[in-house]
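Here's the structure we're looking at; comments come further down.
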4 protein chains.
Amino acid sequence: MQKQFGLGLIGTGFMGECHALAFSAAPAVFGLPSVRMEIVADIDQRAADAAARRFGFARATTDWQALVADPAVDIVAITAPNVLHKHMALAAIAAGKHIYCEKPMALSLDDARTMAAAAQARGVKTLVGYNYMRSPAIALTRKLIEDGEIGSITYFRGLHEEDYMADASTPFSWRCRRDQAGSGTLGDMGSHIISLALTLLGPVESVSADIATVITERPMPAAGGARESRTEAVAVTEGVMAPVENEDIAHTLLRFSRGCVGTLTTSRVAWGRKNRLAFEIFGSKGSIVFDQERFNELQLFTRDGVAPALNGFRTILTGPAHPPYGQFSPAAGHGIGFNDLKIIEVAHLLAALANDTPLYPSFADALQVETVITGMLQSADTRQWVNLAQL
Amino acid sequence: MQKQFGLGLIGTGFMGECHALAFSAAPAVFGLPSVRMEIVADIDQRAADAAARRFGFARATTDWQALVADPAVDIVAITAPNVLHKHMALAAIAAGKHIYCEKPMALSLDDARTMAAAAQARGVKTLVGYNYMRSPAIALTRKLIEDGEIGSITYFRGLHEEDYMADASTPFSWRCRRDQAGSGTLGDMGSHIISLALTLLGPVESVSADIATVITERPMPAAGGARESRTEAVAVTEGVMAPVENEDIAHTLLRFSRGCVGTLTTSRVAWGRKNRLAFEIFGSKGSIVFDQERFNELQLFTRDGVAPALNGFRTILTGPAHPPYGQFSPAAGHGIGFNDLKIIEVAHLLAALANDTPLYPSFADALQVETVITGMLQSADTRQWVNLAQL
Amino acid sequence: MQKQFGLGLIGTGFMGECHALAFSAAPAVFGLPSVRMEIVADIDQRAADAAARRFGFARATTDWQALVADPAVDIVAITAPNVLHKHMALAAIAAGKHIYCEKPMALSLDDARTMAAAAQARGVKTLVGYNYMRSPAIALTRKLIEDGEIGSITYFRGLHEEDYMADASTPFSWRCRRDQAGSGTLGDMGSHIISLALTLLGPVESVSADIATVITERPMPAAGGARESRTEAVAVTEGVMAPVENEDIAHTLLRFSRGCVGTLTTSRVAWGRKNRLAFEIFGSKGSIVFDQERFNELQLFTRDGVAPALNGFRTILTGPAHPPYGQFSPAAGHGIGFNDLKIIEVAHLLAALANDTPLYPSFADALQVETVITGMLQSADTRQWVNLAQL
Amino acid sequence: MQKQFGLGLIGTGFMGECHALAFSAAPAVFGLPSVRMEIVADIDQRAADAAARRFGFARATTDWQALVADPAVDIVAITAPNVLHKHMALAAIAAGKHIYCEKPMALSLDDARTMAAAAQARGVKTLVGYNYMRSPAIALTRKLIEDGEIGSITYFRGLHEEDYMADASTPFSWRCRRDQAGSGTLGDMGSHIISLALTLLGPVESVSADIATVITERPMPAAGGARESRTEAVAVTEGVMAPVENEDIAHTLLRFSRGCVGTLTTSRVAWGRKNRLAFEIFGSKGSIVFDQERFNELQLFTRDGVAPALNGFRTILTGPAHPPYGQFSPAAGHGIGFNDLKIIEVAHLLAALANDTPLYPSFADALQVETVITGMLQSADTRQWVNLAQL
């Protein structure tokens with residue numbers, strides 16, 4: 001019989017809930033051994049207790065260090081604020097635990113390097129939670145590229161655009177502070193499109209970037225509004241404005257090591273966009289177009305196989321022919337959801353731990369994402385191309 | 001503390017798995033008491049055993065009658081072949097169990113009437129699993145209509161089109177037999193669009209329908225291929241063809257009791273369509289357009305509120321503003337999936353049982369769907385308008 | 001050298017202007033002999049004079065009968081109100097002139113029959129102006145069907161929906177009167193989708209139809225507002241309402257002589273739709289989807305030639321590979337416009353007259369459109385299927 | 001009575017024909033005095049003769065210098081190969097003629113400056129033919145921005161992508177030569193998206209660009225294949241390859257003088273794209289999305305005026321409310337075509353000449369487009385940001 005893993009979950013916000021649901025469901029969906037829900041930690045004991053009841057954890061605590069150290073815990077899932085990722089991860093590594101950490105991995109390249117090195121030294125497995133990388137459409141994109149279906153890649157355009165900070169009256173939050181969030185849209189959303197670019201096309205060699213902060217100050221939320229919420233209204237202390245310390249928009253030119261070029265944009269002020277994580281990839285024989293807002297579809301154009309007069313982009317509805325869709329439904333067009341993406345990620349984690357196979361993206365892989373972000377910020381600052389190998 | 005319900009699940013195919021996952025996840029997603037996974041039944045003991053292990057049922061059996069009679073079972077979930085729905089439901093009703101039955105409720109109007117009457121007489125709660133009726137976009141559509149956002153309804157166009165039987169080489173199956181499936185595309189898919197029409201616009205008064213079978217015979221599958229599969233290739237006994245006994249396509253004109261008119265189409269031979277359960281609803285002040293293949297979106301046009309020169313259909317991406325989306329994700333554009341729709345349905349079931357509130361659609365409600373189907377078949381046969389009140 | 005034709009144009013409204021522009025441009029676009037712009041007639045002399053100056057007609061008149069009789073006129077183009085089509089056409093036929101008449105050909109089936117018989121007896125050529133039938137995408141659809149690209153046709157769904165009468169405050173006009181317009185949306189817009197259905201799929205055998213008038217009375221326009229306008233505001237005589245005499249919406253079931261079934265909808269109260277002349281055609285090997293609002297595109301799904309896992313509807317952008325697009329532009333994706341469709345129609349007229357080849361759709365062909373409309377109205381009245389052969 | 005202008009047209013290829021048609025039709029469409037079709041010139045006398053017959057020019061010649069000098073010619077329309085634009089324009093300016101010149105204006109910034117200065121010194125009017133700038137949707141975009149409908153602009157993304165050189169077997173042509181075409185995709189297509197960017201958002205201050213040539217050599221066409229054709233097959237001299245001298249792809253970061261940022265891409269190797277001249281413009285209150293492949297539509301999102309839960313991008317179908325659409329059709333949804341865009345351009349030319357009002361874009365305006373192109377090429381070469389004021 002396969003090994004059963006014990007989970008320690010840190011954080012009970014949106015992503016904490018998402019993790020808990022995914023660890024509950026992934027075993028049945030993918031036919032894996034169930035996970036022991038051992039401990040859940042939150043800074044707020046009541047939140048931890050509520051999550052324990054809701055998701056079936058045996059224990060609830062405010063002491064994440066105790067969680068990390070607990071012998072019943074095999075996997076530490078980190079969904080706490082980004083500023084804590086490093087400390088928690090290093091503690092978990094020290095305790096010899098496997099780590100499933102939300103993105104962004106760290107607030108600085110130095111921190112990311114420290115974490116990756118520590119994990120490697122201690123021999124624990126790590127996985128950074130980018131959500132989107134193993135969806136059926138993204139897996140299909142990867143396969144199409146690997147199979148040469150669109151020939152050799154000529155160029156790439158990537159986006160991640162949302163409007164959750166587009167309103168100037170949206171209050172100041174930790175996301176606007178360098179000490180809490182590091183970069184702005186780059187770490188929050190840019191990490192998604194960068195991770196997809198790296199997954200699909202391999203390493204980036206150099207960047208020339210530009211950034212902009214278009215809402216330079218925001219109203220301070222009232223006391224008690226500290227817990228970030230994208231959806232709840234937050235009362236505002238009238239008249240008190242705080243300066244926004246990081247970028248709303250980032251653009252970059254890219255050169256990939258494989259020889260192709262590209263551009264990449266991320267923005268948190270794109271009115272009307274809710275989760276437009278999108279790309280277009282052009283090759284010598286075809287093109288692929290994807291948009292996460294319609295992530296059960298993929299647009300494909302191939303030069304070959306269709307008479308030119310009858311050719312055009314075709315809209316593929318993902319289905320059982322596009323793993324791991326078939327784990328969720330036996331028929332195309334039914335669609336999977338965001339939470340299913342997290343189930344896919346957790347299933348990858350559990351399978352790799354059970355079989356002792358590599359996890360992707362590990363801390364070492366996520367380090368490449370952080371390198372691109374750091375290179376972009378440096379390029380925007382110096383207004384020079386930055387060769388990432390020199391960072 | 002809230003009552004915890006015990007589940008008996010009959011059937012472990014696609015929909016059986018879907019039920020099991022939904023009963024596991026719905027309590028955590030919606031903050032309801034968890035469900036006791038008591039018994040799972042399948043005609044094949046090994047399938048039942050496997051499902052029990054995978055989904056955590058305490059017991060597995062091939063005896064659905066024992067399941068129905070078991071005192072630990074409060075809810076009987078019926079996902080067995082359609083031909084068995086009546087027998088299982090009547091047994092469950094007799095045992096005083098609540099029923100969650102997959103659609104179509106029955107193979108004939110008489111059977112449906114018997115079932116609805118029995119449930120009412122015994123006072124058990126019933127729910128028919130139409131999957132799509134409580135999705136955020138459909139709930140929003142319902143609210144828009146009720147709020148008068150598009151004025152009084154003028155007409156409706158509904159579709160459910162798929163291509164799973166479009167290939168003439170797709171083998172004969174129970175779906176092609178009157179004694180096993182009753183109608184063809186009408187019961188299988190028509191029930192979905194009819195149920196949406198009734199939910200959104202109320203009762204249908206009369207119909208004039210036409211049906212067609214375009215692939216009149218199909219190759220018999222080889223022995224062992226009896227278990228239907230939409231995705232697996234099935235070996236074919238060469239040279240043996242079986243006549244298809246029910247319709248591939250059905251069209252109808254509709255008159256609704258509320259006074260509006262409409263059309264409805266369902267087809268299982270619509271090449272390229274995977275789950276095109278779609279409608280357009282026109283009113284005196286606006287229009288709504290929906291397509292299940294993109295069910296996290298809704299197209300809305302309203303005459304009022306926007307300058308005519310800047311007006312057009314707007315694409316609403318469902319989000320937390322459209323319950324129950326917020327149970328799954330706090331941000332629009334992330335999307336829910338088909339399995340989440342089943343979670344919504346199960347949460348409705350559990351909440352209604354806990355609070356002793358009405359379930360919709362019950363057997364009595366589903367009877368209206370069966371009435372429309374029966375009216376359409378009769379109209380197609382007699383080539384006359386059929387007044388549904390006279391059935 | 002090729003014969004040059006002399007044109008007499010009756011009517012200077014929207015369609016009159018459209019004709020004049022098309023007769024001016026078609027020869028250069030298609031490399032045909034130019035047309036002599038002989039006479040333009042309008043009930044208003046100043047309008048006729050203005051049109052003569054603008055479009056280069058040699059003479060302007062209020063006397064359409066003189067125009068018809070003029071020996072310099074070879075082609076009589078009729079764009080006057082529908083109620084006059086019959087009289088003008090019969091006069092032109094009597095004078096031995098070729099006729100290019102706007103749709104609908106006539107207000108009644110009897111009139112249409114009279115006109116078609118007269119034209120045949122006199123041996124003049126006739127063309128009814130349906131605008132859309134020879135666009136590149138429609139021509140491609142026709143070719144795809146003829147070439148068997150989507151196999152044998154299984155069913156059809158056709159629409160023509162607009163919102164130009166959707167507002168209850170839009171004034172009463174001649175379009176609402178039986179004696180002026182005959183039917184409502186059926187003659188105005190239904191004739192378009194019916195003509196496409198007949199062109200693409202051949203004769204209709206029988207229909208079961210339903211109609212509805214949802215705005216039963218409309219405000220009378222003030223004196224002087226008699227000239228219909230879809231775009232100009234018309235002053236309203238307060239308090240005076242006039243009953244609408246014909247249908248806003250029409251639906252029908254169809255059986256085609258070739259054996260396939262279908263549905264067809266036309267509505268002038270479809271909020272948000274501007275020119276949604278659309279169809280979906282399903283066949284045993286594929287499907288075609290078209291929408292006039294995006295008429296430089298065609299959606300095609302074919303079972304064959306593409307791996308199932310990579311298949312989907314493909315969006316074909318029309319181009320030089322789709323005649324007669326190449327007459328307008330040497331590159332796909334540039335697009336032609338509505339006025340270009342009229343140029344195509346006129347070029348067909350001029351070429352057929354020059355070469356003495358058949359025109360399509362002639363009065364005899366348009367008679368089939370009128371037959372379907374008449375059958376639909378009769379079916380809606382009797383609530384019976386109507387066999388068109390018996391009309 | 002208004003002045004009538006005499007036209008001298010140089011070149012009878014695709015754009016020459018397009019000009020001739022537009023000069024014929026624009027007066028009637030826009031109610032302007034007709035144009036005297038005086039002389040048409042082509043290097044090939046037979047082509048000139050054919051064009052004269054087809055479009056009604058009084059004379060045909062191979063001597064463009066005689067055309068330019070002819071006293072009957074008021075407007076010189078230049079559609080000859082790009083390498084000749086400078087010589088022809090300078091001669092026309094010297095002769096005091098107004099000029100309507102196809103883009104790109106010149107092969108180098110120096111040439112463009114010489115031409116703009118000469119035109120200004122001589123006081124003739126000039127117009128560069130960018131085709132797309134006055135379409136209804138673009139005019140609407142401009143108005144929306146000017147009216148503040150989307151607030152202050154935050155960023156821009158522009159594209160022009162086609163696939164006409166995507167196939168490596170497409171033969172070498174003058175477009176691949178620096179001495180004939182100057183830049184590659186930048187001058188040919190980039191000039192379109194750059195001109196739109198400047199028209200909509202004003203001057204560009206600085207750029208950081210990257211270019212790539214992905215098909216580095218192409219087969220030489222056989223003798224006689226010199227006349228470029230996007231559509232005709234050209235025989236190939238086997239085994240002889242010629243090096244491509246200019247870029248297939250260009251990307252740039254942009255900073256606009258108004259303070260917003262952006263990116264811009266142009267490519268002639270984008271498989272599946274036929275005329276994807278597209279942009280997205282984000283502002284503090286909304287967003288606009290446009291794609292020339294569907295240029296009768298505009299996507300608009302505005303924060304204000306619509307309840308957030310019912311908000312989304314709306315698809316505006318252009319119509320009479322969006323000038324100059326109403327010149328072509330009185331109803332939205334009918335659509336205009338590429339050739340109509342040229343009619344709009346010519347009408348602007350004729351009206352400005354008649355009323356002695358400014359033309360846009362003149363040589364002075366087009367010079368700004370050439371400056372951006374030159375800046376991009378220099379930036380790509382030096383791998384530095386280039387401040388355009390220093391060119």
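Residues in the structure tokens are numbered from 1 in each chain, the chains being A, B, ... in the order shown, and ligands are numbered from 1 in the order shown.
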Would you list, as an MDAnalysis selection string, the residues of range 23-186 of chain D that end up in helix (DSSP H, G or I) under DSSP run on this structure's backbone?
chainID D and resid 23:30 45:55 64:69 82:94 109:122 136:146 174:176 178:181 185:186
At a cut-off of 6 Å, list the chain B residues touching chain A, using only C-alpha atoms, as an MDAnalysis selection string.
chainID B and resid 28 54:55 274:275 293 332:338
Using only C-alpha atoms, which of C:Met189, C:Ala270, C:Ala41, C:Thr382 sits nearest Ile150 in chain B?
C:Ala270
Contact residues around Glu38 in chain C with only C-alpha atoms at 9 Å, ignoring same-chain residues under 2 positions, as a PyMOL selection string
chain C and resi 6-9+35-36+40+56-60+67+72-73
Write the selection just made, keeping N, CA and C atoms, as an mmCIF file, in the first residue's frame?
data_model
loop_
_atom_site.group_PDB
_atom_site.id
_atom_site.type_symbol
_atom_site.label_atom_id
_atom_site.label_comp_id
_atom_site.auth_asym_id
_atom_site.auth_seq_id
_atom_site.Cartn_x
_atom_site.Cartn_y
_atom_site.Cartn_z
ATOM 1 N N GLY C 6 -28.450 50.845 -70.424
ATOM 2 C CA GLY C 6 -28.963 52.090 -69.854
ATOM 3 C C GLY C 6 -29.826 51.791 -68.641
ATOM 4 N N LEU C 7 -29.610 52.547 -67.560
ATOM 5 C CA LEU C 7 -30.307 52.290 -66.305
ATOM 6 C C LEU C 7 -31.389 53.326 -66.033
ATOM 7 N N GLY C 8 -32.543 52.839 -65.628
ATOM 8 C CA GLY C 8 -33.579 53.692 -65.049
ATOM 9 C C GLY C 8 -33.794 53.266 -63.615
ATOM 10 N N LEU C 9 -33.558 54.175 -62.691
ATOM 11 C CA LEU C 9 -33.659 53.832 -61.260
ATOM 12 C C LEU C 9 -34.882 54.495 -60.648
ATOM 13 N N VAL C 35 -22.174 51.494 -67.162
ATOM 14 C CA VAL C 35 -23.616 51.589 -67.342
ATOM 15 C C VAL C 35 -23.983 53.037 -67.644
ATOM 16 N N ARG C 36 -24.880 53.229 -68.587
ATOM 17 C CA ARG C 36 -25.379 54.584 -68.847
ATOM 18 C C ARG C 36 -26.426 54.924 -67.791
ATOM 19 N N VAL C 40 -33.425 58.865 -63.317
ATOM 20 C CA VAL C 40 -33.756 58.508 -61.950
ATOM 21 C C VAL C 40 -35.120 59.122 -61.632
ATOM 22 N N GLY C 56 -24.945 61.159 -61.254
ATOM 23 C CA GLY C 56 -24.653 61.320 -62.675
ATOM 24 C C GLY C 56 -25.716 60.807 -63.626
ATOM 25 N N PHE C 57 -26.978 60.801 -63.208
ATOM 26 C CA PHE C 57 -28.036 60.444 -64.147
ATOM 27 C C PHE C 57 -28.266 61.600 -65.116
ATOM 28 N N ALA C 58 -28.577 61.249 -66.350
ATOM 29 C CA ALA C 58 -28.799 62.274 -67.361
ATOM 30 C C ALA C 58 -30.092 63.046 -67.109
ATOM 31 N N ARG C 59 -31.105 62.333 -66.602
ATOM 32 C CA ARG C 59 -32.412 62.966 -66.411
ATOM 33 C C ARG C 59 -33.010 62.576 -65.054
ATOM 34 N N ALA C 60 -33.906 63.432 -64.556
ATOM 35 C CA ALA C 60 -34.613 63.167 -63.300
ATOM 36 C C ALA C 60 -36.095 63.415 -63.525
ATOM 37 N N LEU C 67 -40.278 56.733 -67.210
ATOM 38 C CA LEU C 67 -38.973 56.072 -67.078
ATOM 39 C C LEU C 67 -39.035 54.666 -67.656
ATOM 40 N N ALA C 72 -34.253 54.571 -73.981
ATOM 41 C CA ALA C 72 -32.843 54.521 -73.561
ATOM 42 C C ALA C 72 -32.626 53.632 -72.343
ATOM 43 N N VAL C 73 -33.700 53.239 -71.699
ATOM 44 C CA VAL C 73 -33.597 52.433 -70.480
ATOM 45 C C VAL C 73 -33.668 50.945 -70.818
#
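Each of D:Ser287, D:Gln390, D:Ser173, D:Gln299 was checked against Ser206 in chain D using only C-alpha atoms; the smallest atom-to-atom distance is that of D:Gln390.
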Selection near Arg134 in chain C, 8 Å with only C-alpha atoms, sequence-local residues under 3 positions removed, as a list in words:
Asn131, Ile138, Ala139, Leu341, Ile344 and Glu345 of chain C
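Shortest separation to Trp385 in chain D among D:Arg122, D:Arg314, D:Arg175, D:Arg255 occurs at residue D:Arg255, atoms counted being only C-alpha atoms.
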Got a sec to tell me which of range 129-365 of chain C DSSP assigns to strand (DSSP E), as a ChimeraX atom specification?
/C:129,153-161,204-212,217-221,236-243,249-256,261-267,276-283,286-291,297-302,313-317
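The residue that comes closest to Lys285 in chain C, out of B:Ser183, B:Ser135, B:Ser169, B:Ser362 and on the basis of only C-alpha atoms, is B:Ser169.
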What does the distance from CA of Leu254 in chain A to CA of Tyr155 in chain A come to in Å, to one decimal?
9.4 Å
CA of Asp248 in chain B and CA of Thr199 in chain C, how far apart in Å?
25.3 Å
Given only C-alpha atoms as the basis, pick out the residue of B:Phe290, B:Tyr325, B:Phe301, B:Trp174 nearest to Ala278 in chain B.
B:Phe290
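Each of D:Gly148, D:Gly262, D:Gly286, D:Pro243 was compared to Val207 in chain D using only C-alpha atoms, and D:Gly262 turns out to be the nearest.
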